[in-house]
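Have a look at structure-v5.txt; it's compact mmCIF, C-alpha atoms:
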# COMPACT_ATOMS: atom_id res chain seq x y z
CA MET A 1 0.00 0.00 0.00
CA SER A 2 1.32 3.43 -0.87
CA ASP A 3 1.61 6.38 1.48
CA PRO A 4 -2.02 7.32 2.23
CA THR A 5 -1.15 10.80 3.50
CA HIS A 6 -0.24 12.25 0.10
CA ARG A 7 -3.17 11.38 -2.15
CA ASP A 8 -5.23 13.64 -4.34
CA ASP A 9 -8.40 11.56 -3.91
CA LEU A 10 -8.74 12.34 -0.20
CA ARG A 11 -10.88 15.24 0.97
CA PRO A 12 -9.08 17.51 3.47
CA ARG A 13 -9.54 16.25 7.04
CA PHE A 14 -12.37 14.00 5.82
CA TRP A 15 -12.32 11.96 9.06
CA GLU A 16 -13.67 15.01 10.93
CA THR A 17 -16.58 15.73 8.60
CA VAL A 18 -17.54 12.59 6.70
CA PRO A 19 -19.45 9.78 8.46
CA MET A 20 -17.63 6.47 8.17
CA SER A 21 -20.50 5.04 6.13
CA ARG A 22 -20.07 7.82 3.54
CA MET A 23 -16.31 7.63 3.10
CA THR A 24 -14.87 6.65 -0.26
CA ARG A 25 -12.84 3.46 -0.44
CA ALA A 26 -9.66 5.57 -0.63
CA GLU A 27 -10.67 7.51 2.49
CA TRP A 28 -11.60 4.33 4.35
CA GLU A 29 -8.27 2.70 3.50
CA ALA A 30 -6.35 5.86 4.44
CA LEU A 31 -7.67 5.59 8.01
CA CYS A 32 -5.29 2.69 8.60
CA ASP A 33 -2.33 4.08 10.53
CA GLY A 34 -0.02 1.19 9.65
CA CYS A 35 0.55 0.03 13.23
CA GLY A 36 0.17 -3.65 12.33
CA LYS A 37 -1.72 -4.61 15.49
CA CYS A 38 -4.74 -5.93 13.61
CA CYS A 39 -2.41 -8.45 11.91
CA LEU A 40 -1.34 -9.95 15.21
CA ASN A 41 -2.91 -13.19 16.32
CA LYS A 42 -5.03 -12.74 19.40
CA LEU A 43 -6.18 -15.01 22.19
CA GLU A 44 -9.65 -14.69 23.64
CA ASP A 45 -10.43 -15.84 27.17
CA ALA A 46 -13.40 -18.20 26.86
CA ASP A 47 -14.75 -17.19 30.29
CA THR A 48 -14.34 -13.41 30.23
CA GLY A 49 -14.22 -12.66 26.50
CA GLU A 50 -11.09 -10.60 27.10
CA VAL A 51 -8.81 -10.41 24.07
CA ALA A 52 -5.03 -10.43 24.44
CA LEU A 53 -2.48 -9.55 21.78
CA THR A 54 0.37 -11.84 20.94
CA ARG A 55 3.53 -10.90 19.05
CA VAL A 56 2.69 -13.76 16.67
CA ALA A 57 1.84 -12.14 13.35
CA CYS A 58 -0.23 -13.37 10.44
CA ARG A 59 1.77 -15.26 7.83
CA LEU A 60 1.27 -12.38 5.38
CA PHE A 61 2.47 -9.65 7.73
CA ASP A 62 5.66 -7.84 6.72
CA ASP A 63 7.36 -6.89 9.99
CA ALA A 64 9.61 -4.32 8.28
CA THR A 65 6.80 -2.32 6.67
CA CYS A 66 4.04 -3.13 9.17
CA ARG A 67 1.73 -3.92 6.25
CA CYS A 68 0.16 -6.98 4.68
CA ALA A 69 2.43 -8.40 2.01
CA ALA A 70 -0.58 -9.44 -0.10
CA TYR A 71 -3.32 -7.01 0.97
CA GLU A 72 -5.45 -7.13 -2.20
CA THR A 73 -5.35 -10.94 -2.42
CA ARG A 74 -5.06 -11.80 1.27
CA HIS A 75 -8.29 -13.83 1.36
CA THR A 76 -6.77 -16.31 -1.05
CA TYR A 77 -4.21 -17.15 1.63
CA VAL A 78 -6.03 -16.15 4.83
CA PRO A 79 -9.78 -16.65 4.28
CA GLU A 80 -10.57 -15.69 7.87
CA CYS A 81 -9.01 -12.22 7.52
CA ILE A 82 -11.71 -9.69 8.35
CA VAL A 83 -12.65 -7.03 5.85
CA LEU A 84 -13.60 -4.16 8.10
CA HIS A 85 -16.44 -1.88 6.95
CA PRO A 86 -19.10 0.29 8.63
CA GLY A 87 -21.57 -2.60 8.53
CA ASN A 88 -19.45 -4.87 10.72
CA MET A 89 -17.75 -2.38 13.04
CA GLU A 90 -19.93 -3.08 16.07
CA ALA A 91 -19.24 -6.82 15.89
CA ASN A 92 -15.48 -6.26 15.63
CA LEU A 93 -14.83 -3.55 18.22
CA TYR A 94 -13.92 -6.05 20.92
CA TRP A 95 -10.73 -7.26 19.21
CA MET A 96 -9.62 -4.02 17.60
CA PRO A 97 -6.66 -2.19 19.18
CA ASP A 98 -7.56 0.82 21.34
CA THR A 99 -5.38 3.07 19.19
CA CYS A 100 -7.04 1.99 15.91
CA ALA A 101 -8.43 4.92 13.90
CA TYR A 102 -11.47 2.91 12.84
CA LYS A 103 -12.33 2.10 16.45
CA ARG A 104 -11.58 5.62 17.68
CA LEU A 105 -13.76 7.28 15.02
CA TRP A 106 -16.57 4.74 15.55
CA GLN A 107 -16.52 5.64 19.26
CA GLY A 108 -16.57 9.38 18.53
CA GLU A 109 -12.92 10.06 19.28
CA GLY A 110 -10.55 11.95 16.99
CA LEU A 111 -7.27 10.87 15.49
CA PRO A 112 -4.15 11.27 17.63
CA ASP A 113 -1.30 13.59 16.61
CA TRP A 114 0.89 10.64 15.58
CA HIS A 115 -1.64 9.36 13.03
CA PRO A 116 -0.21 9.76 9.51
CA LEU A 117 -3.32 11.63 8.30
CA VAL A 118 -2.75 14.24 11.03
CA SER A 119 1.05 14.36 11.00
CA GLY A 120 1.47 13.99 7.24
CA ASP A 121 4.22 11.44 7.89
CA PRO A 122 3.67 7.64 7.83
CA GLU A 123 6.65 7.20 10.18
CA THR A 124 5.06 9.00 13.15
CA VAL A 125 3.07 5.91 14.16
CA HIS A 126 6.37 4.07 14.56
CA ALA A 127 8.22 6.98 16.20
CA ALA A 128 5.40 7.27 18.75
CA GLY A 129 5.90 3.62 19.75
CA VAL A 130 2.39 2.65 18.67
CA SER A 131 3.29 0.12 15.98
CA VAL A 132 4.58 -3.43 16.27
CA ARG A 133 7.27 -2.94 13.62
CA GLY A 134 10.34 -5.01 14.41
CA GLY A 135 8.69 -6.85 17.29
CA THR A 136 6.76 -9.73 15.79
CA VAL A 137 7.37 -13.38 15.07
CA PRO A 138 5.74 -15.12 12.10
CA GLU A 139 2.96 -17.57 12.93
CA HIS A 140 4.72 -20.40 11.09
CA ALA A 141 7.58 -20.12 13.62
CA VAL A 142 5.40 -20.65 16.71
CA ASP A 143 3.11 -23.58 17.45
CA GLU A 144 -0.42 -22.32 18.16
CA ASP A 145 -0.32 -24.03 21.57
CA ASP A 146 2.60 -21.74 22.48
CA TRP A 147 1.00 -18.41 21.50
CA GLU A 148 0.18 -17.75 25.15
CA HIS A 149 3.94 -17.47 25.76
CA HIS A 150 4.05 -14.52 23.35
CA LEU A 151 1.45 -12.23 24.96
CA ILE A 152 2.21 -8.51 24.80
CA GLU A 153 0.70 -5.27 26.04
CA GLU A 154 -0.79 -3.11 23.33
CA PRO A 155 1.91 -0.68 22.19
CA GLY A 156 1.06 2.98 22.48
CA THR A 157 -1.81 2.79 24.96
Would you mind writing the file out in structure tokens?
Amino acid sequence: MSDPTHRDDLRPRFWETVPMSRMTRAEWEALCDGCGKCCLNKLEDADTGEVALTRVACRLFDDATCRCAAYETRHTYVPECIVLHPGNMEANLYWMPDTCAYKRLWQGEGLPDWHPLVSGDPETVHAAGVSVRGGTVPEHAVDEDDWEHHLIEEPGT
């Protein structure tokens, strides 16, 4: 995915004026801050429903760029990957990272200063310590039974 902060097809500060359900595809995609947390495998406590992050990343996650290596065709390789859209936000809030722009806007919060749409720089998410860049392990390297040994706190919260 290219740098979403320098695109001609984005309305100025659209996230402040356009309801999520009325955003263009380009605007919707530009909300992603590139933190990589949604690509981490998570564990859900069966009793409490609490979701914990692991440092175990999806097999398509590129740890250096903090992006999916096959974003447009990811469902070919990872059929369970969720396509987030306004119609399924409510059902997916529980597992989304607290810093996620989609979750924040859905809950009526603004974007933080480090978000690339605000800062104009896609590196600010990493400089702010919010991303998982450089801190993941690929899922093929860790047996699923051992994911609990790779629990992490959500970066940037």
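Computed from the coordinates, the atom CA of Pro79 of chain A to atom CA of His140 of chain A distance equals 16.5 Å.
Proximity to Arg55 of chain A was assessed for A:Gly110, A:Gly36, A:Pro122, A:Pro116 counting only C-alpha atoms; the smallest distance is recorded for A:Gly36.
Our summary of the geometry notes that atom CA of Leu10 of chain A is positioned 29.1 Å from atom CA of Cys58 of chain A.
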12 Å contact set for Ser21 of chain A, only C-alpha atoms, chain neighbours under 6 positions out, as a compact mmCIF listing (two decimals) with C-alpha atoms, in the coordinates of the input:
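Result file is around-v5.txt:
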# COMPACT_ATOMS: atom_id res chain seq x y z
CA TRP A 15 -12.32 11.96 9.06
CA GLU A 27 -10.67 7.51 2.49
CA TRP A 28 -11.60 4.33 4.35
CA LEU A 84 -13.60 -4.16 8.10
CA HIS A 85 -16.44 -1.88 6.95
CA PRO A 86 -19.10 0.29 8.63
CA GLY A 87 -21.57 -2.60 8.53
CA ASN A 88 -19.45 -4.87 10.72
CA MET A 89 -17.75 -2.38 13.04
CA TYR A 102 -11.47 2.91 12.84
CA LEU A 105 -13.76 7.28 15.02
CA TRP A 106 -16.57 4.74 15.55
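Atom pair atom CA of Cys68 of chain A / atom CA of Glu50 of chain A has a distance of 25.3 Å (rounded to one decimal).
With distances taken over all atoms listed in the file, A:Leu40 is the one residue among A:Leu40, A:Met96, A:Ala70, A:Leu31 lying closest to Arg133 of chain A.
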Test item: which residues lie within 12 Å of (4.6, 0.6, 11.5) counting all atoms listed in the file, as a PyMOL selection string: chain A and resi 3+32-39+61-68+114-116+121-136+155-156
Expected residue set, 12 Å radius at (-7.7, -5.5, -3.3), only C-alpha atoms, as a VMD selection string: chain A and resid 1 25 to 26 29 68 to 76 83
For segment 37-50 of chain A, I'd like the enclosing box, axis-aligned and padded by 4 Å on every side, reported as JSON with centre and edge lengths in Å to one decimal.
{"center_x": -8.0, "center_y": -11.4, "center_z": 21.1, "size_x": 21.4, "size_y": 21.6, "size_z": 26.4}
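The list of residues with at least one atom within 12 Å of Glu144 of chain A, based on only C-alpha atoms and without residues fewer than 3 positions apart in the same chain, reads A:Asn41, A:Lys42, A:Leu43, A:Thr54, A:Val56, A:Ala57, A:Cys58, A:Pro138, A:Glu139, A:His140, A:Ala141, A:Trp147, A:Glu148, A:His149, A:His150.
With distances restricted to only C-alpha atoms, A:Leu117 is the closest residue to Arg11 of chain A from A:Val51, A:Leu111, A:Leu117, A:Thr99.
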Taking N, CA and C atoms as the atom set, what does segment 13-32 of chain A look like once completed, written as a short mmCIF file (atom, residue, chain, number, x, y, z; two decimals), in the frame of the given file?
data_model
loop_
_atom_site.label_atom_id
_atom_site.label_comp_id
_atom_site.auth_asym_id
_atom_site.auth_seq_id
_atom_site.Cartn_x
_atom_site.Cartn_y
_atom_site.Cartn_z
N ARG A 13 -9.06 16.59 5.70
CA ARG A 13 -9.54 16.25 7.04
C ARG A 13 -10.91 15.57 7.02
N PHE A 14 -11.09 14.69 6.04
CA PHE A 14 -12.37 14.00 5.82
C PHE A 14 -12.86 13.26 7.07
N TRP A 15 -11.95 12.74 7.87
CA TRP A 15 -12.32 11.96 9.06
C TRP A 15 -13.07 12.80 10.09
N GLU A 16 -12.97 14.12 9.99
CA GLU A 16 -13.67 15.01 10.93
C GLU A 16 -15.06 15.40 10.43
N THR A 17 -15.33 15.24 9.15
CA THR A 17 -16.58 15.73 8.60
C THR A 17 -17.42 14.68 7.89
N VAL A 18 -16.82 13.59 7.47
CA VAL A 18 -17.54 12.59 6.70
C VAL A 18 -17.86 11.38 7.60
N PRO A 19 -19.13 11.00 7.70
CA PRO A 19 -19.45 9.78 8.46
C PRO A 19 -18.74 8.58 7.84
N MET A 20 -18.36 7.64 8.66
CA MET A 20 -17.63 6.47 8.17
C MET A 20 -18.39 5.76 7.05
N SER A 21 -19.69 5.73 7.14
CA SER A 21 -20.50 5.04 6.13
C SER A 21 -20.53 5.78 4.80
N ARG A 22 -20.06 7.02 4.77
CA ARG A 22 -20.07 7.82 3.54
C ARG A 22 -18.68 8.06 2.96
N MET A 23 -17.67 7.46 3.58
CA MET A 23 -16.31 7.63 3.10
C MET A 23 -16.11 6.85 1.81
N THR A 24 -15.25 7.39 0.95
CA THR A 24 -14.87 6.65 -0.26
C THR A 24 -13.96 5.50 0.16
N ARG A 25 -13.75 4.57 -0.75
CA ARG A 25 -12.84 3.46 -0.44
C ARG A 25 -11.45 3.99 -0.11
N ALA A 26 -10.99 4.99 -0.87
CA ALA A 26 -9.66 5.57 -0.63
C ALA A 26 -9.60 6.20 0.76
N GLU A 27 -10.64 6.90 1.16
CA GLU A 27 -10.67 7.51 2.49
C GLU A 27 -10.69 6.44 3.56
N TRP A 28 -11.51 5.42 3.38
CA TRP A 28 -11.60 4.33 4.35
C TRP A 28 -10.23 3.68 4.53
N GLU A 29 -9.58 3.36 3.43
CA GLU A 29 -8.27 2.70 3.50
C GLU A 29 -7.22 3.61 4.13
N ALA A 30 -7.32 4.91 3.90
CA ALA A 30 -6.35 5.86 4.44
C ALA A 30 -6.44 5.98 5.96
N LEU A 31 -7.54 5.54 6.55
CA LEU A 31 -7.67 5.59 8.01
C LEU A 31 -6.67 4.66 8.70
N CYS A 32 -6.25 3.62 8.00
CA CYS A 32 -5.29 2.69 8.60
C CYS A 32 -4.00 3.44 8.90
#
